[in-house]
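Shown here: my_file-v3.pdb, PDB, C-alpha atoms.
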ATOM      1  CA  MET A  26       0.000   0.000   0.000  1.00  0.00           C
ATOM      2  CA  PRO A  27       1.413   3.405  -0.883  1.00  0.00           C
ATOM      3  CA  ILE A  28       2.449   5.803   1.836  1.00  0.00           C
ATOM      4  CA  ILE A  29       2.540   9.064  -0.111  1.00  0.00           C
ATOM      5  CA  LYS A  30      -0.768  10.902  -0.391  1.00  0.00           C
ATOM      6  CA  SER A  31      -0.571  11.405  -4.177  1.00  0.00           C
ATOM      7  CA  ALA A  32       0.206   7.711  -4.679  1.00  0.00           C
ATOM      8  CA  LYS A  33      -2.863   6.773  -2.620  1.00  0.00           C
ATOM      9  CA  LYS A  34      -4.966   9.028  -4.807  1.00  0.00           C
ATOM     10  CA  ARG A  35      -3.535   7.447  -7.970  1.00  0.00           C
ATOM     11  CA  VAL A  36      -4.507   3.990  -6.658  1.00  0.00           C
ATOM     12  CA  LYS A  37      -8.096   5.166  -6.172  1.00  0.00           C
ATOM     13  CA  GLN A  38      -8.195   6.806  -9.606  1.00  0.00           C
ATOM     14  CA  THR A  39      -6.726   3.734 -11.285  1.00  0.00           C
ATOM     15  CA  ASN A  40      -9.294   1.454  -9.643  1.00  0.00           C
ATOM     16  CA  ALA A  41     -12.165   3.715 -10.720  1.00  0.00           C
ATOM     17  CA  ALA A  42     -10.847   3.925 -14.290  1.00  0.00           C
ATOM     18  CA  THR A  43     -10.353   0.153 -14.411  1.00  0.00           C
ATOM     19  CA  LYS A  44     -14.004  -0.379 -13.479  1.00  0.00           C
ATOM     20  CA  ARG A  45     -15.192   2.112 -16.109  1.00  0.00           C
ATOM     21  CA  ASN A  46     -12.995   0.557 -18.796  1.00  0.00           C
ATOM     22  CA  SER A  47     -14.076  -2.985 -17.976  1.00  0.00           C
ATOM     23  CA  VAL A  48     -17.733  -1.969 -18.298  1.00  0.00           C
ATOM     24  CA  ALA A  49     -17.094  -0.457 -21.728  1.00  0.00           C
ATOM     25  CA  LYS A  50     -15.172  -3.546 -22.875  1.00  0.00           C
ATOM     26  CA  ARG A  51     -17.928  -5.816 -21.552  1.00  0.00           C
ATOM     27  CA  ARG A  52     -20.549  -3.870 -23.533  1.00  0.00           C
ATOM     28  CA  VAL A  53     -18.543  -4.335 -26.720  1.00  0.00           C
ATOM     29  CA  ARG A  54     -18.099  -8.066 -26.081  1.00  0.00           C
ATOM     30  CA  ASP A  55     -21.791  -8.556 -25.251  1.00  0.00           C
ATOM     31  CA  ALA A  56     -22.849  -6.661 -28.367  1.00  0.00           C
ATOM     32  CA  LEU A  57     -20.500  -8.777 -30.504  1.00  0.00           C
ATOM     33  CA  LYS A  58     -21.914 -11.984 -29.008  1.00  0.00           C
ATOM     34  CA  ALA A  59     -25.475 -10.815 -29.692  1.00  0.00           C
ATOM     35  CA  PHE A  60     -24.447 -10.007 -33.266  1.00  0.00           C
ATOM     36  CA  GLN A  61     -22.973 -13.483 -33.743  1.00  0.00           C
ATOM     37  CA  ALA A  62     -26.175 -15.022 -32.363  1.00  0.00           C
ATOM     38  CA  ALA A  63     -28.243 -12.884 -34.766  1.00  0.00           C
ATOM     39  CA  ILE A  64     -26.144 -14.102 -37.696  1.00  0.00           C
ATOM     40  CA  LYS A  65     -26.783 -17.707 -36.660  1.00  0.00           C
ATOM     41  CA  GLY A  66     -30.504 -16.881 -36.355  1.00  0.00           C
ATOM     42  CA  GLY A  67     -30.501 -15.556 -39.908  1.00  0.00           C
ATOM     43  CA  LYS A  68     -33.106 -12.775 -39.620  1.00  0.00           C
ATOM     44  CA  SER A  69     -32.006  -9.726 -41.575  1.00  0.00           C
ATOM     45  CA  ALA A  70     -33.763  -7.297 -39.233  1.00  0.00           C
ATOM     46  CA  ASP A  71     -32.075  -8.793 -36.161  1.00  0.00           C
ATOM     47  CA  ILE A  72     -28.689  -8.739 -37.845  1.00  0.00           C
ATOM     48  CA  GLN A  73     -29.059  -5.083 -38.801  1.00  0.00           C
ATOM     49  CA  ALA A  74     -30.320  -4.062 -35.341  1.00  0.00           C
ATOM     50  CA  THR A  75     -27.471  -5.812 -33.554  1.00  0.00           C
ATOM     51  CA  LYS A  76     -24.964  -4.381 -36.047  1.00  0.00           C
ATOM     52  CA  VAL A  77     -26.092  -0.875 -35.110  1.00  0.00           C
ATOM     53  CA  ALA A  78     -25.719  -1.766 -31.411  1.00  0.00           C
ATOM     54  CA  VAL A  79     -22.204  -3.140 -31.996  1.00  0.00           C
ATOM     55  CA  ASP A  80     -21.157  -0.044 -33.938  1.00  0.00           C
ATOM     56  CA  SER A  81     -22.476   2.181 -31.156  1.00  0.00           C
ATOM     57  CA  ALA A  82     -20.682   0.231 -28.410  1.00  0.00           C
ATOM     58  CA  ILE A  83     -17.425   0.225 -30.368  1.00  0.00           C
ATOM     59  CA  ASP A  84     -17.657   3.960 -31.084  1.00  0.00           C
ATOM     60  CA  LYS A  85     -18.282   4.756 -27.422  1.00  0.00           C
ATOM     61  CA  ALA A  86     -15.348   2.616 -26.299  1.00  0.00           C
ATOM     62  CA  ALA A  87     -13.059   4.262 -28.850  1.00  0.00           C
ATOM     63  CA  LYS A  88     -14.251   7.736 -27.855  1.00  0.00           C
ATOM     64  CA  LYS A  89     -13.324   7.011 -24.236  1.00  0.00           C
ATOM     65  CA  ASN A  90      -9.932   5.604 -25.352  1.00  0.00           C
ATOM     66  CA  VAL A  91     -10.800   2.189 -23.932  1.00  0.00           C
ATOM     67  CA  ILE A  92      -9.875   0.672 -27.285  1.00  0.00           C
ATOM     68  CA  HIS A  93      -7.639   2.177 -29.939  1.00  0.00           C
ATOM     69  CA  LYS A  94      -9.353   4.023 -32.784  1.00  0.00           C
ATOM     70  CA  ASN A  95      -7.736   1.742 -35.379  1.00  0.00           C
ATOM     71  CA  LYS A  96      -8.967  -1.345 -33.545  1.00  0.00           C
ATOM     72  CA  ALA A  97     -12.439   0.182 -33.456  1.00  0.00           C
ATOM     73  CA  ALA A  98     -12.347   0.798 -37.208  1.00  0.00           C
ATOM     74  CA  ARG A  99     -11.101  -2.744 -37.822  1.00  0.00           C
ATOM     75  CA  LYS A 100     -13.836  -4.303 -35.655  1.00  0.00           C
ATOM     76  CA  LYS A 101     -16.543  -2.227 -37.331  1.00  0.00           C
ATOM     77  CA  ALA A 102     -15.283  -3.306 -40.754  1.00  0.00           C
ATOM     78  CA  GLN A 103     -15.298  -6.950 -39.666  1.00  0.00           C
ATOM     79  CA  VAL A 104     -18.864  -6.623 -38.380  1.00  0.00           C
ATOM     80  CA  ALA A 105     -20.017  -4.926 -41.581  1.00  0.00           C
ATOM     81  CA  ASN A 106     -18.372  -7.634 -43.676  1.00  0.00           C
ATOM     82  CA  ALA A 107     -19.981 -10.395 -41.583  1.00  0.00           C
ATOM     83  CA  ALA A 108     -23.399  -8.737 -41.937  1.00  0.00           C
ATOM     84  CA  LYS A 109     -22.923  -8.476 -45.685  1.00  0.00           C
ATOM     85  CA  GLN A 110     -21.883 -12.142 -45.923  1.00  0.00           C
ATOM     86  CA  ALA A 111     -24.994 -13.094 -43.957  1.00  0.00           C
ATOM     87  CA  GLY A 112     -27.129 -11.327 -46.571  1.00  0.00           C
ATOM     88  CA  SER A 113     -28.323  -8.502 -44.353  1.00  0.00           C
ATOM     89  CA  LYS A 114     -29.464  -5.360 -46.098  1.00  0.00           C
ATOM     90  CA  PRO A 115     -29.464  -1.996 -44.350  1.00  0.00           C
ATOM     91  CA  SER A 116     -32.908  -1.078 -43.134  1.00  0.00           C
ATOM     92  CA  SER A 117     -34.462   2.349 -43.346  1.00  0.00           C
ATOM     93  CA  THR A 118     -33.789   2.855 -39.622  1.00  0.00           C
ATOM     94  CA  ALA A 119     -30.050   2.728 -40.212  1.00  0.00           C
ATOM     95  CA  LYS A 120     -28.305   6.067 -40.410  1.00  0.00           C
ATOM     96  CA  LYS A 121     -27.700   7.238 -43.922  1.00  0.00           C
ATOM     97  CA  PRO A 122     -25.217   9.962 -44.837  1.00  0.00           C
ATOM     98  CA  ALA A 123     -26.909  13.279 -45.331  1.00  0.00           C
ATOM     99  CA  ALA A 124     -27.062  14.545 -48.882  1.00  0.00           C
ATOM    100  CA  LYS A 125     -24.820  17.496 -49.513  1.00  0.00           C
ATOM    101  CA  LYS A 126     -26.666  20.711 -50.140  1.00  0.00           C
ATOM    102  CA  ALA A 127     -25.626  23.015 -52.937  1.00  0.00           C
ATOM    103  CA  PRO A 128     -24.008  26.147 -51.538  1.00  0.00           C
ATOM    104  CA  ALA A 129     -26.304  29.139 -51.562  1.00  0.00           C
ATOM    105  CA  LYS A 130     -25.414  31.866 -54.001  1.00  0.00           C
ATOM    106  CA  LYS A 131     -24.071  34.946 -52.364  1.00  0.00           C
ATOM    107  CA  THR A 132     -25.799  38.177 -53.192  1.00  0.00           C
ATOM    108  CA  PRO A 133     -23.430  41.055 -53.766  1.00  0.00           C
ATOM    109  CA  ALA A 134     -23.416  43.379 -50.791  1.00  0.00           C
ATOM    110  CA  ALA A 135     -23.867  47.102 -51.271  1.00  0.00           C
ATOM    111  CA  LYS A 136     -20.560  48.867 -51.675  1.00  0.00           C
ATOM    112  CA  PRO A 137     -19.571  50.917 -48.653  1.00  0.00           C
ATOM    113  CA  ALA A 138     -19.542  54.684 -49.064  1.00  0.00           C
ATOM    114  CA  PRO A 139     -16.082  56.036 -49.927  1.00  0.00           C
ATOM    115  CA  LYS A 140     -14.181  57.568 -47.035  1.00  0.00           C
ATOM    116  CA  LYS A 141     -13.686  61.296 -47.053  1.00  0.00           C
ATOM    117  CA  ALA A 142     -10.132  62.382 -47.578  1.00  0.00           C
ATOM    118  CA  ALA A 143      -8.544  64.087 -44.619  1.00  0.00           C
ATOM    119  CA  PRO A 144      -8.109  67.842 -45.138  1.00  0.00           C
ATOM    120  CA  LYS A 145      -4.584  68.855 -46.030  1.00  0.00           C
ATOM    121  CA  LYS A 146      -2.715  70.789 -43.406  1.00  0.00           C
ATOM    122  CA  ALA A 147      -1.368  74.140 -44.321  1.00  0.00           C
ATOM    123  CA  PRO A 148       2.428  74.418 -44.151  1.00  0.00           C
ATOM    124  CA  ALA A 149       3.597  75.933 -40.926  1.00  0.00           C
ATOM    125  CA  ASN A 150       5.205  79.390 -41.213  1.00  0.00           C
ATOM    126  CA  LYS A 151       8.692  79.574 -39.879  1.00  0.00           C
TER     127      LYS A 151
END

What is this structure when it is put down as structure tokens?
Amino acid sequence: MPIIKSAKKRVKQTNAATKRNSVAKRRVRDALKAFQAAIKGGKSADIQATKVAVDSAIDKAAKKNVIHKNKAARKKAQVANAAKQAGSKPSSTAKKPAAKKAPAKKTPAAKPAPKKAAPKKAPANK
């Protein structure tokens, strides 16, 4: 057990962070298991719903730096590939990328009034 006050605090912080991280990892693992079960079940709607849940859990874990962002991207790609192999098609409830809007045309602004020239100073008499 540490003696120094700051070391005691670090032990408490590490234990709290370990609990938080293990919960996030558990959510990812549970979501992956549910996804695998949905693939074995074969229903397209179940597969798509669990895929969305897996993606969400992975994104949250990566956002909190529980898992590395590259690992998160790799896992999401593996899940998407497995869903595609199972014949799942994205449902209308899945998020779709928003269509890009055409930029609005800018109307020319009125030209500002010209500044008045400063009056010239008369030369000083010496």

Considering only C-alpha atoms, return as a CSV table (one decimal) with C-alpha atoms, in the coordinates of the input whatever protein or nucleic-acid residues lie within 12 Å of Lys109 of chain A, sequence-local ones (same chain, fewer than 5 positions apart) excluded.
chain,number,residue,atom,x,y,z
A,64,ILE,CA,-26.1,-14.1,-37.7
A,67,GLY,CA,-30.5,-15.6,-39.9
A,69,SER,CA,-32.0,-9.7,-41.6
A,72,ILE,CA,-28.7,-8.7,-37.8
A,73,GLN,CA,-29.1,-5.1,-38.8
A,76,LYS,CA,-25.0,-4.4,-36.0
A,102,ALA,CA,-15.3,-3.3,-40.8
A,103,GLN,CA,-15.3,-7.0,-39.7
A,104,VAL,CA,-18.9,-6.6,-38.4
A,114,LYS,CA,-29.5,-5.4,-46.1
A,115,PRO,CA,-29.5,-2.0,-44.4

### Query
For Ala70 of chain A, which residue among A:Val48, A:Ala134, A:Ala142, A:Ala111 is the nearest when counting only C-alpha atoms?
A:Ala111

### Task
Spell out the residues picked by the PyMOL selection byres ((chain A and resi 86-93) around 8) here, as number ranges by chain.
A: 46, 49-50, 53, 82-85, 94-97

### Between atom CA of Asp80 of chain A and atom CA of Ala105 of chain A - distance in Å to one decimal
9.1 Å

### Task
Have a look at atom CA of Thr75 of chain A and atom CA of Arg45 of chain A and let me know their distance in Å, one decimal.
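A separation of 22.8 Å between them.
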
### Given only C-alpha atoms as the counted atoms, nearest of A:Lys101, A:Gln38, A:Thr132, A:Ser113 to Ala63 of chain A
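Using only C-alpha atoms, Ala63 of chain A sits closest to A:Ser113.
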
### Proximity to Arg54 of chain A - best of A:Ala107, A:Pro139, A:Lys100, A:Ala147, all atoms listed in the file
A:Lys100

Kindly compute an axis-aligned box around the listed atoms of segment 59-75 of chain A, allowing 8 Å on each side, and express its centre and edge lengths in Å to one decimal as JSON.
{"center_x": -28.4, "center_y": -10.9, "center_z": -35.6, "size_x": 26.8, "size_y": 29.6, "size_z": 27.9}
